[in-house]
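Q: Okay, so here is query_36.txt, and as you'll see once you scroll down, it has compact mmCIF, C-alpha atoms.
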```
# COMPACT_ATOMS: atom_id res chain seq x y z
CA MET A 26 0.00 0.00 0.00
CA LEU A 27 1.29 3.44 -0.96
CA PRO A 28 2.04 5.51 2.17
CA THR A 29 0.25 8.87 1.98
CA TYR A 30 0.82 10.33 5.45
CA CYS A 31 4.06 10.94 7.34
CA PRO A 32 4.55 8.27 10.03
CA SER A 33 6.33 10.85 12.20
CA CYS A 34 4.11 13.96 12.11
CA ASN A 35 1.07 12.66 10.16
CA ASN A 36 1.38 15.39 7.54
CA GLN A 37 0.46 14.56 3.95
CA LEU A 38 3.43 13.12 2.05
CA LYS A 39 4.68 14.40 -1.31
CA VAL A 40 6.36 12.48 -4.10
CA ASN A 41 10.08 13.30 -4.01
CA ARG A 42 11.63 10.88 -6.51
CA LEU A 43 10.49 8.75 -9.46
CA LYS A 44 12.60 6.24 -11.30
CA CYS A 45 12.46 4.63 -14.75
CA ASP A 46 13.15 0.91 -14.38
CA ASN A 47 14.22 0.71 -18.03
CA CYS A 48 17.02 3.33 -18.27
CA GLN A 49 17.45 4.06 -14.55
CA THR A 50 16.70 7.77 -15.04
CA GLU A 51 15.55 9.42 -11.82
CA VAL A 52 13.29 12.45 -11.64
CA THR A 53 13.36 14.40 -8.40
CA GLY A 54 11.13 17.21 -7.23
CA SER A 55 8.15 17.81 -4.97
CA TYR A 56 4.95 16.48 -6.47
CA ASP A 57 1.50 16.27 -4.85
CA LEU A 58 -0.03 12.80 -4.62
CA PRO A 59 -3.14 12.43 -6.78
CA VAL A 60 -6.37 12.81 -4.79
CA LEU A 61 -7.41 9.21 -5.48
CA ALA A 62 -4.14 7.94 -4.00
CA LEU A 63 -5.05 9.63 -0.72
CA LEU A 64 -8.15 7.47 -0.33
CA THR A 65 -8.08 4.20 1.59
CA PRO A 66 -7.54 0.99 -0.44
CA GLU A 67 -11.21 0.09 0.21
CA ASP A 68 -12.39 3.41 -1.19
CA GLN A 69 -10.08 3.06 -4.19
CA GLN A 70 -11.45 -0.44 -4.78
CA PHE A 71 -14.99 0.95 -4.56
CA ILE A 72 -14.20 3.60 -7.20
CA LEU A 73 -12.67 0.96 -9.48
CA ARG A 74 -15.75 -1.24 -9.18
CA PHE A 75 -17.93 1.83 -9.77
CA ILE A 76 -16.11 2.57 -13.05
CA ILE A 77 -16.21 -1.07 -14.14
CA ASN A 78 -19.97 -1.09 -13.51
CA SER A 79 -20.38 1.98 -15.76
CA GLY A 80 -21.23 4.16 -12.77
CA SER A 81 -24.38 2.18 -12.07
CA LEU A 82 -25.19 2.13 -8.35
CA LYS A 83 -27.83 -0.53 -8.97
CA GLU A 84 -25.23 -2.87 -10.45
CA MET A 85 -22.81 -2.03 -7.66
CA ALA A 86 -25.49 -2.86 -5.08
CA SER A 87 -26.18 -6.15 -6.76
CA GLU A 88 -22.44 -6.99 -6.96
CA LEU A 89 -21.72 -6.05 -3.34
CA LYS A 90 -25.00 -7.63 -2.13
CA LEU A 91 -25.91 -4.36 -0.45
CA SER A 92 -28.98 -2.15 -0.78
CA TYR A 93 -29.06 0.75 -3.21
CA PRO A 94 -29.12 3.51 -0.53
CA THR A 95 -26.21 1.85 1.32
CA VAL A 96 -24.06 1.92 -1.82
CA ARG A 97 -25.15 5.50 -2.56
CA ASN A 98 -24.19 6.47 1.03
CA MET A 99 -20.75 4.86 0.55
CA LEU A 100 -20.28 6.90 -2.60
CA ASN A 101 -21.42 10.08 -0.80
CA GLU A 102 -18.80 9.43 1.88
CA ILE A 103 -16.06 9.11 -0.75
CA ILE A 104 -17.29 12.29 -2.48
CA ASN A 105 -17.05 14.16 0.84
CA LYS A 106 -13.50 12.84 1.38
CA VAL A 107 -12.42 13.87 -2.13
CA LYS A 108 -13.96 17.32 -1.63
CA SER A 109 -12.09 17.75 1.64
CA TYR A 110 -8.79 16.72 -0.01
CA GLU A 111 -9.34 19.20 -2.82
CA GLN A 112 -9.80 22.11 -0.46
CA MET B 22 -18.50 -8.79 2.02
CA ASN B 23 -19.86 -11.03 4.77
CA SER B 24 -23.26 -12.24 3.67
CA LYS B 25 -23.87 -14.47 6.70
CA PHE B 26 -27.15 -13.97 8.54
CA SER B 27 -26.38 -12.10 11.74
CA PHE B 28 -27.95 -10.03 14.54
CA GLY B 29 -27.46 -6.99 12.31
CA TRP B 30 -30.24 -8.32 10.09
CA PHE B 31 -32.73 -7.83 12.92
CA VAL B 32 -31.82 -4.26 13.80
CA ASN B 33 -30.67 -2.98 10.43
CA PRO B 34 -31.66 -5.12 7.45
CA PHE B 35 -31.68 -2.00 5.28
CA ASN B 36 -27.95 -2.27 4.56
CA ARG B 37 -28.90 -5.18 2.36
CA ILE B 38 -32.56 -4.68 1.54
CA ALA B 39 -34.33 -1.46 0.57
CA GLY B 40 -36.50 -0.02 -2.17
CA LEU B 41 -39.03 -2.22 -3.96
CA GLN B 42 -37.72 -5.45 -2.43
CA ALA B 43 -38.19 -4.08 1.11
CA PHE B 44 -41.60 -2.69 0.20
CA LEU B 45 -42.88 -6.03 -1.12
CA LEU B 46 -41.56 -7.88 1.93
CA GLY B 47 -43.00 -5.21 4.25
CA LEU B 48 -46.33 -5.39 2.42
CA LEU B 49 -46.40 -9.14 3.01
CA PHE B 50 -45.94 -8.56 6.75
CA VAL B 51 -48.63 -5.84 6.74
CA LEU B 52 -51.04 -8.19 4.95
CA MET B 53 -50.31 -10.90 7.51
CA MET B 54 -50.82 -8.38 10.32
CA GLY B 55 -54.19 -7.45 8.81
CA ILE B 56 -55.34 -11.06 8.57
CA VAL B 57 -53.94 -12.20 11.91
CA GLY B 58 -55.10 -8.97 13.61
CA THR B 59 -58.67 -9.53 12.39
CA PHE B 60 -58.85 -13.00 13.91
CA SER B 61 -56.97 -12.13 17.09
CA ARG B 62 -58.99 -8.87 17.44
CA VAL B 63 -55.89 -6.72 17.60
CA CYS B 64 -56.38 -3.22 16.31
CA PHE B 65 -53.36 -1.17 15.14
CA ASP B 66 -54.84 2.25 15.71
CA GLY B 67 -51.71 4.38 15.32
CA VAL B 68 -48.20 4.25 13.88
CA PHE B 69 -46.89 2.57 17.02
CA ASP B 70 -50.10 1.73 18.78
CA MET B 71 -52.13 -1.43 19.32
CA HIS B 72 -55.24 -2.30 21.31
CA LEU B 73 -57.39 -5.33 21.85
CA THR B 74 -60.98 -4.98 20.69
CA HIS B 75 -64.17 -6.98 21.11
CA GLN B 76 -64.79 -7.20 17.39
CA MET B 77 -62.64 -6.69 14.33
CA THR B 78 -63.43 -6.82 10.63
CA PHE B 79 -61.07 -7.25 7.67
CA ASP B 80 -62.13 -3.86 6.31
CA ARG B 81 -61.32 -2.00 9.51
CA SER B 82 -58.11 -3.94 10.14
CA PHE B 83 -56.70 -3.15 6.68
CA LEU B 84 -57.98 0.42 6.74
CA LEU B 85 -56.16 1.11 10.03
CA LEU B 86 -52.96 -0.52 8.74
CA ALA B 87 -53.16 1.49 5.52
CA ILE B 88 -53.50 4.69 7.55
CA ASP B 89 -50.58 3.67 9.82
CA VAL B 90 -48.19 2.87 6.99
CA SER B 91 -49.15 5.82 4.79
CA SER B 92 -48.92 8.31 7.71
CA LEU B 93 -45.48 6.97 8.62
CA VAL B 94 -44.22 6.99 5.03
CA PHE B 95 -45.67 10.43 4.28
CA VAL B 96 -44.19 12.10 7.39
CA MET B 97 -40.80 10.39 6.93
CA TRP B 98 -40.78 11.43 3.27
CA ILE B 99 -41.43 15.08 4.25
CA THR B 100 -38.65 14.73 6.87
CA GLY B 101 -36.35 13.37 4.17
CA LEU B 102 -37.09 16.36 1.94
CA ILE B 103 -36.08 18.68 4.79
CA ILE B 104 -32.96 16.93 6.06
CA SER B 105 -31.50 15.17 3.02
CA LYS B 106 -29.98 16.42 -0.20
CA SER B 107 -30.88 13.38 -2.25
CA PHE B 108 -32.90 10.29 -1.49
CA ARG B 109 -35.43 8.08 -3.22
CA PHE B 110 -39.09 7.96 -2.16
CA LEU B 111 -39.00 4.23 -2.95
CA ASP B 112 -36.39 3.67 -0.24
CA ILE B 113 -38.45 5.51 2.38
CA LEU B 114 -41.57 3.60 1.28
CA GLY B 115 -39.82 0.23 1.35
CA THR B 116 -37.78 0.56 4.52
CA MET B 117 -40.56 2.16 6.56
CA THR B 118 -43.09 -0.49 5.48
CA LEU B 119 -40.66 -3.25 6.42
CA ALA B 120 -39.90 -1.52 9.74
CA LYS B 121 -43.49 -2.30 10.79
CA ALA B 122 -42.82 -6.06 10.49
CA PRO B 123 -42.24 -6.78 14.23
CA PHE B 124 -45.85 -5.76 14.91
CA ILE B 125 -46.85 -9.18 13.56
CA ILE B 126 -45.78 -10.49 17.00
CA LEU B 127 -48.29 -8.17 18.65
CA ALA B 128 -50.99 -9.32 16.23
CA LEU B 129 -50.28 -12.92 17.26
CA THR B 130 -50.40 -12.14 20.99
CA GLY B 131 -54.08 -11.25 20.57
CA PHE B 132 -54.83 -14.98 20.36
CA PHE B 133 -53.56 -15.49 23.90
CA THR B 134 -55.68 -12.89 25.63
CA LYS B 135 -59.13 -11.36 25.52
CA SER B 136 -60.38 -7.82 25.58
CA ILE B 137 -61.45 -6.86 29.08
CA ASP B 138 -62.93 -3.79 30.65
CA LEU B 139 -60.48 -2.49 33.27
CA LYS B 140 -63.41 -1.50 35.55
CA GLU B 141 -64.35 -5.17 35.81
CA ILE B 142 -60.92 -6.42 36.83
CA LEU B 143 -60.71 -5.49 40.51
CA PRO B 144 -64.13 -6.59 41.76
CA THR B 145 -64.13 -9.78 39.67
CA PRO B 146 -61.56 -12.37 40.80
CA HIS B 147 -62.15 -14.77 37.89
CA LEU B 148 -60.72 -12.19 35.56
CA ASN B 149 -57.28 -12.53 37.15
CA SER B 150 -55.96 -14.86 34.44
CA ALA B 151 -57.10 -12.36 31.81
CA LEU B 152 -55.36 -9.60 33.73
CA ILE B 153 -52.11 -11.62 33.88
CA SER B 154 -52.21 -12.26 30.13
CA LEU B 155 -52.85 -8.56 29.57
CA ILE B 156 -49.79 -7.68 31.67
CA VAL B 157 -47.67 -10.23 29.79
CA ILE B 158 -48.75 -8.69 26.49
CA ALA B 159 -48.07 -5.20 27.78
CA LEU B 160 -44.55 -6.31 28.79
CA LEU B 161 -44.01 -8.09 25.49
CA SER B 162 -45.07 -5.00 23.55
CA ILE B 163 -42.18 -2.96 25.02
CA PRO B 164 -39.31 -4.88 23.31
CA VAL B 165 -41.39 -5.13 20.12
CA LEU B 166 -41.92 -1.38 20.19
CA ILE B 167 -38.20 -0.75 20.82
CA TRP B 168 -37.32 -3.09 17.96
CA THR B 169 -39.78 -1.36 15.62
CA ILE B 170 -38.53 2.12 16.52
CA THR B 171 -34.90 0.96 16.03
CA LEU B 172 -35.84 -0.32 12.57
CA MET B 173 -37.59 2.97 11.72
CA TYR B 174 -34.53 4.92 12.92
CA ASN B 175 -32.18 2.85 10.75
CA ALA B 176 -34.63 3.10 7.84
CA LEU B 177 -34.46 6.90 7.94
CA LYS B 178 -30.67 6.85 8.48
CA ILE B 179 -29.97 4.60 5.49
CA SER B 180 -32.61 6.04 3.16
CA CYS B 181 -31.66 9.69 3.70
CA ASP B 182 -27.94 9.36 4.55
CA VAL B 183 -28.12 11.50 7.68
CA LYS B 184 -26.27 11.02 10.96
CA GLY B 185 -25.80 12.45 14.45
CA THR B 186 -27.94 15.10 16.11
CA LYS B 187 -29.67 16.04 12.86
CA LEU B 188 -30.92 12.46 12.49
CA ASN B 189 -31.85 12.01 16.16
CA ILE B 190 -33.89 15.20 16.46
CA SER B 191 -35.61 14.88 13.08
CA PHE B 192 -36.45 11.23 13.75
CA ILE B 193 -38.03 11.92 17.15
CA ILE B 194 -40.11 14.80 15.73
CA ALA B 195 -41.13 12.77 12.66
CA LEU B 196 -42.16 9.80 14.81
CA ILE B 197 -44.36 11.95 17.05
CA VAL B 198 -45.86 13.80 14.08
CA SER B 199 -46.59 10.54 12.23
CA GLU B 200 -48.40 9.17 15.30
CA ILE B 201 -50.47 12.38 15.55
CA VAL B 202 -51.25 12.33 11.81
CA SER B 203 -52.37 8.69 11.96
CA LYS B 204 -54.58 9.36 15.02
CA ILE B 205 -56.22 12.36 13.30
CA LEU B 206 -56.85 10.34 10.13
CA ILE B 207 -58.33 7.46 12.13
CA LEU B 208 -60.61 9.90 14.00
CA LEU B 209 -61.72 11.50 10.72
CA ILE B 210 -62.48 8.17 9.06
CA SER B 211 -64.15 6.49 12.06
```
Any chance you could put this one into structure tokens?
A:
Amino acid sequence: MLPTYCPSCNNQLKVNRLKCDNCQTEVTGSYDLPVLALLTPEDQQFILRFIINSGSLKEMASELKLSYPTVRNMLNEIINKVKSYEQ
Amino acid sequence: MNSKFSFGWFVNPFNRIAGLQAFLLGLLFVLMMGIVGTFSRVCFDGVFDMHLTHQMTFDRSFLLLAIDVSSLVFVMWITGLIISKSFRFLDILGTMTLAKAPFIILALTGFFTKSIDLKEILPTPHLNSALISLIVIALLSIPVLIWTITLMYNALKISCDVKGTKLNISFIIALIVSEIVSKILILLIS
């Protein structure tokens, strides 16, 4: 799992270095993590399933064996998290 | 996801069942309550009210249940419009109808007691057994009522996606208002 928060002070981490496995080139800098990477693995999995199901909450509910409002509430929770990260 | 049947099913089945499915299941329970209530002479004269009567007809039994369910659904729907940004009427209809299901227990208890006039109890010793059964039913109705209210609370919570104080206050007000609305409708129709 990609660490997103500092284990020492709990501040949000930034990407400092990226490396090409092919030619070993390294790019350094200070890059923000994408908003989706800040979500929990469960939330990321939910978003993936949501995309695969063409954004249909009904299909998601049927796949997860949960009721429609429960799935919609889960999505609302993720939307609120994303909104808070964007601020 | 754990799909095993658990205690959670009894207090909050709405995580897994809502909308049309919940409505049809709830309707089945309401129909059973109407039939059983007619034979056991149990009258559901309010959203969370029941009394034993001397005589009960199918017409009256179903009319009272229709008033109960529609008052509850209507008031909860209005509450949803006030407290929630987006919700489906079908979810309120389904979850609230299903939340009435535990009342089937109260309908069944009518078979084990008889309607008695409280004025007759004290001077008439032979009525003691009837009095005991009445007390047992009164005690049994408390957990059933708590269970029903818990289901209604979770129904509103899941259907409207509201939490905390907002949910608690709006639910209490909605419950009281729905009881008043049902009582007024019953008075108007009777």
Q: Quick check: residues of chain B within 12 Å of chain A, all atoms listed in the file, returned as a PDB file with C-alpha atoms, in the coordinates of the input.
A:
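Below you can see result_30.pdb, which holds the result:
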```pdb
ATOM      1  CA  MET B  22     -18.500  -8.790   2.020  1.00  0.00           C
ATOM      2  CA  ASN B  23     -19.860 -11.030   4.770  1.00  0.00           C
ATOM      3  CA  SER B  24     -23.260 -12.240   3.670  1.00  0.00           C
ATOM      4  CA  LYS B  25     -23.870 -14.470   6.700  1.00  0.00           C
ATOM      5  CA  ASN B  33     -30.670  -2.980  10.430  1.00  0.00           C
ATOM      6  CA  PRO B  34     -31.660  -5.120   7.450  1.00  0.00           C
ATOM      7  CA  PHE B  35     -31.680  -2.000   5.280  1.00  0.00           C
ATOM      8  CA  ASN B  36     -27.950  -2.270   4.560  1.00  0.00           C
ATOM      9  CA  ARG B  37     -28.900  -5.180   2.360  1.00  0.00           C
ATOM     10  CA  ILE B  38     -32.560  -4.680   1.540  1.00  0.00           C
ATOM     11  CA  ALA B  39     -34.330  -1.460   0.570  1.00  0.00           C
ATOM     12  CA  GLY B  40     -36.500  -0.020  -2.170  1.00  0.00           C
ATOM     13  CA  LEU B  41     -39.030  -2.220  -3.960  1.00  0.00           C
ATOM     14  CA  GLN B  42     -37.720  -5.450  -2.430  1.00  0.00           C
ATOM     15  CA  ALA B  43     -38.190  -4.080   1.110  1.00  0.00           C
ATOM     16  CA  SER B 105     -31.500  15.170   3.020  1.00  0.00           C
ATOM     17  CA  LYS B 106     -29.980  16.420  -0.200  1.00  0.00           C
ATOM     18  CA  SER B 107     -30.880  13.380  -2.250  1.00  0.00           C
ATOM     19  CA  PHE B 108     -32.900  10.290  -1.490  1.00  0.00           C
ATOM     20  CA  ARG B 109     -35.430   8.080  -3.220  1.00  0.00           C
ATOM     21  CA  PHE B 110     -39.090   7.960  -2.160  1.00  0.00           C
ATOM     22  CA  LEU B 111     -39.000   4.230  -2.950  1.00  0.00           C
ATOM     23  CA  ASP B 112     -36.390   3.670  -0.240  1.00  0.00           C
ATOM     24  CA  ILE B 113     -38.450   5.510   2.380  1.00  0.00           C
ATOM     25  CA  GLY B 115     -39.820   0.230   1.350  1.00  0.00           C
ATOM     26  CA  THR B 116     -37.780   0.560   4.520  1.00  0.00           C
ATOM     27  CA  ASN B 175     -32.180   2.850  10.750  1.00  0.00           C
ATOM     28  CA  ALA B 176     -34.630   3.100   7.840  1.00  0.00           C
ATOM     29  CA  LEU B 177     -34.460   6.900   7.940  1.00  0.00           C
ATOM     30  CA  LYS B 178     -30.670   6.850   8.480  1.00  0.00           C
ATOM     31  CA  ILE B 179     -29.970   4.600   5.490  1.00  0.00           C
ATOM     32  CA  SER B 180     -32.610   6.040   3.160  1.00  0.00           C
ATOM     33  CA  CYS B 181     -31.660   9.690   3.700  1.00  0.00           C
ATOM     34  CA  ASP B 182     -27.940   9.360   4.550  1.00  0.00           C
ATOM     35  CA  VAL B 183     -28.120  11.500   7.680  1.00  0.00           C
ATOM     36  CA  LYS B 184     -26.270  11.020  10.960  1.00  0.00           C
TER      37      LYS B 184
END
```
Q: Which is closest to A:Arg42 among A:Tyr56, A:Leu100, A:Thr29, A:Phe71, if we use all atoms listed in the file?
A: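 Closest to A:Arg42, using all atoms listed in the file: A:Tyr56.
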Q: Please report the interatomic distance between atom CA of B:Phe65 and atom CA of B:Leu86 in Å with one decimal.
A: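 Between atom CA of B:Phe65 and atom CA of B:Leu86 the gap is 6.4 Å.
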Q: Residues near B:Phe69, anyone? I mean within 10 Å using all atoms listed in the file, not counting same-chain ones fewer than 5 positions away, as a PyMOL selection string.
A: chain B and resi 89+93+121+124+165-166+169-170+196-197+199-200+203
Q: For the atom pair atom CA of B:Val157 and atom CA of B:Leu85, what is the interatomic distance in Å to one decimal place?
A: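 Distance between the two atoms: 24.3 Å.
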Q: Set the distance at 12 Å and use all atoms listed in the file: which residues neighbour A:Lys108 once local chain neighbours fewer than 5 positions away are removed? I'd like the list as a list of chain:residue names.
A: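 Near neighbours after the sequence-gap exclusion: A:Val60, A:Leu61, A:Leu63, A:Leu64, A:Asn101, A:Glu102, A:Ile103.
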Q: Could you check the closest approach to A:Tyr110 for each of A:Cys31, A:Cys48, A:Ile72, A:Ala62 and tell me which residue wins, using all atoms listed in the file?
A: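 Nearest candidate to A:Tyr110 out of A:Cys31, A:Cys48, A:Ile72, A:Ala62: A:Ala62.
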Q: Tell me, as a PyMOL selection string, which residues lie within 12 Å of B:Ala128, counting only C-alpha atoms; anything in the same chain fewer than 2 positions away does not count.
A: chain B and resi 50-65+70-74+82+86+121-126+130-134+158+161-162+165
Q: Please indicate the distance in Å from atom CA of B:Leu119 to atom CA of B:Val90, rounded to one decimal place.
A: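 Separation of atom CA of B:Leu119 and atom CA of B:Val90: 9.7 Å.
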Q: Taking (-55.0, 5.9, 6.5) in the file's coordinates as the center, which residues reach within 10 Å of it, counting all atoms listed in the file, put as number ranges by chain?
A: B: 66-67, 83-93, 202-207, 209-210
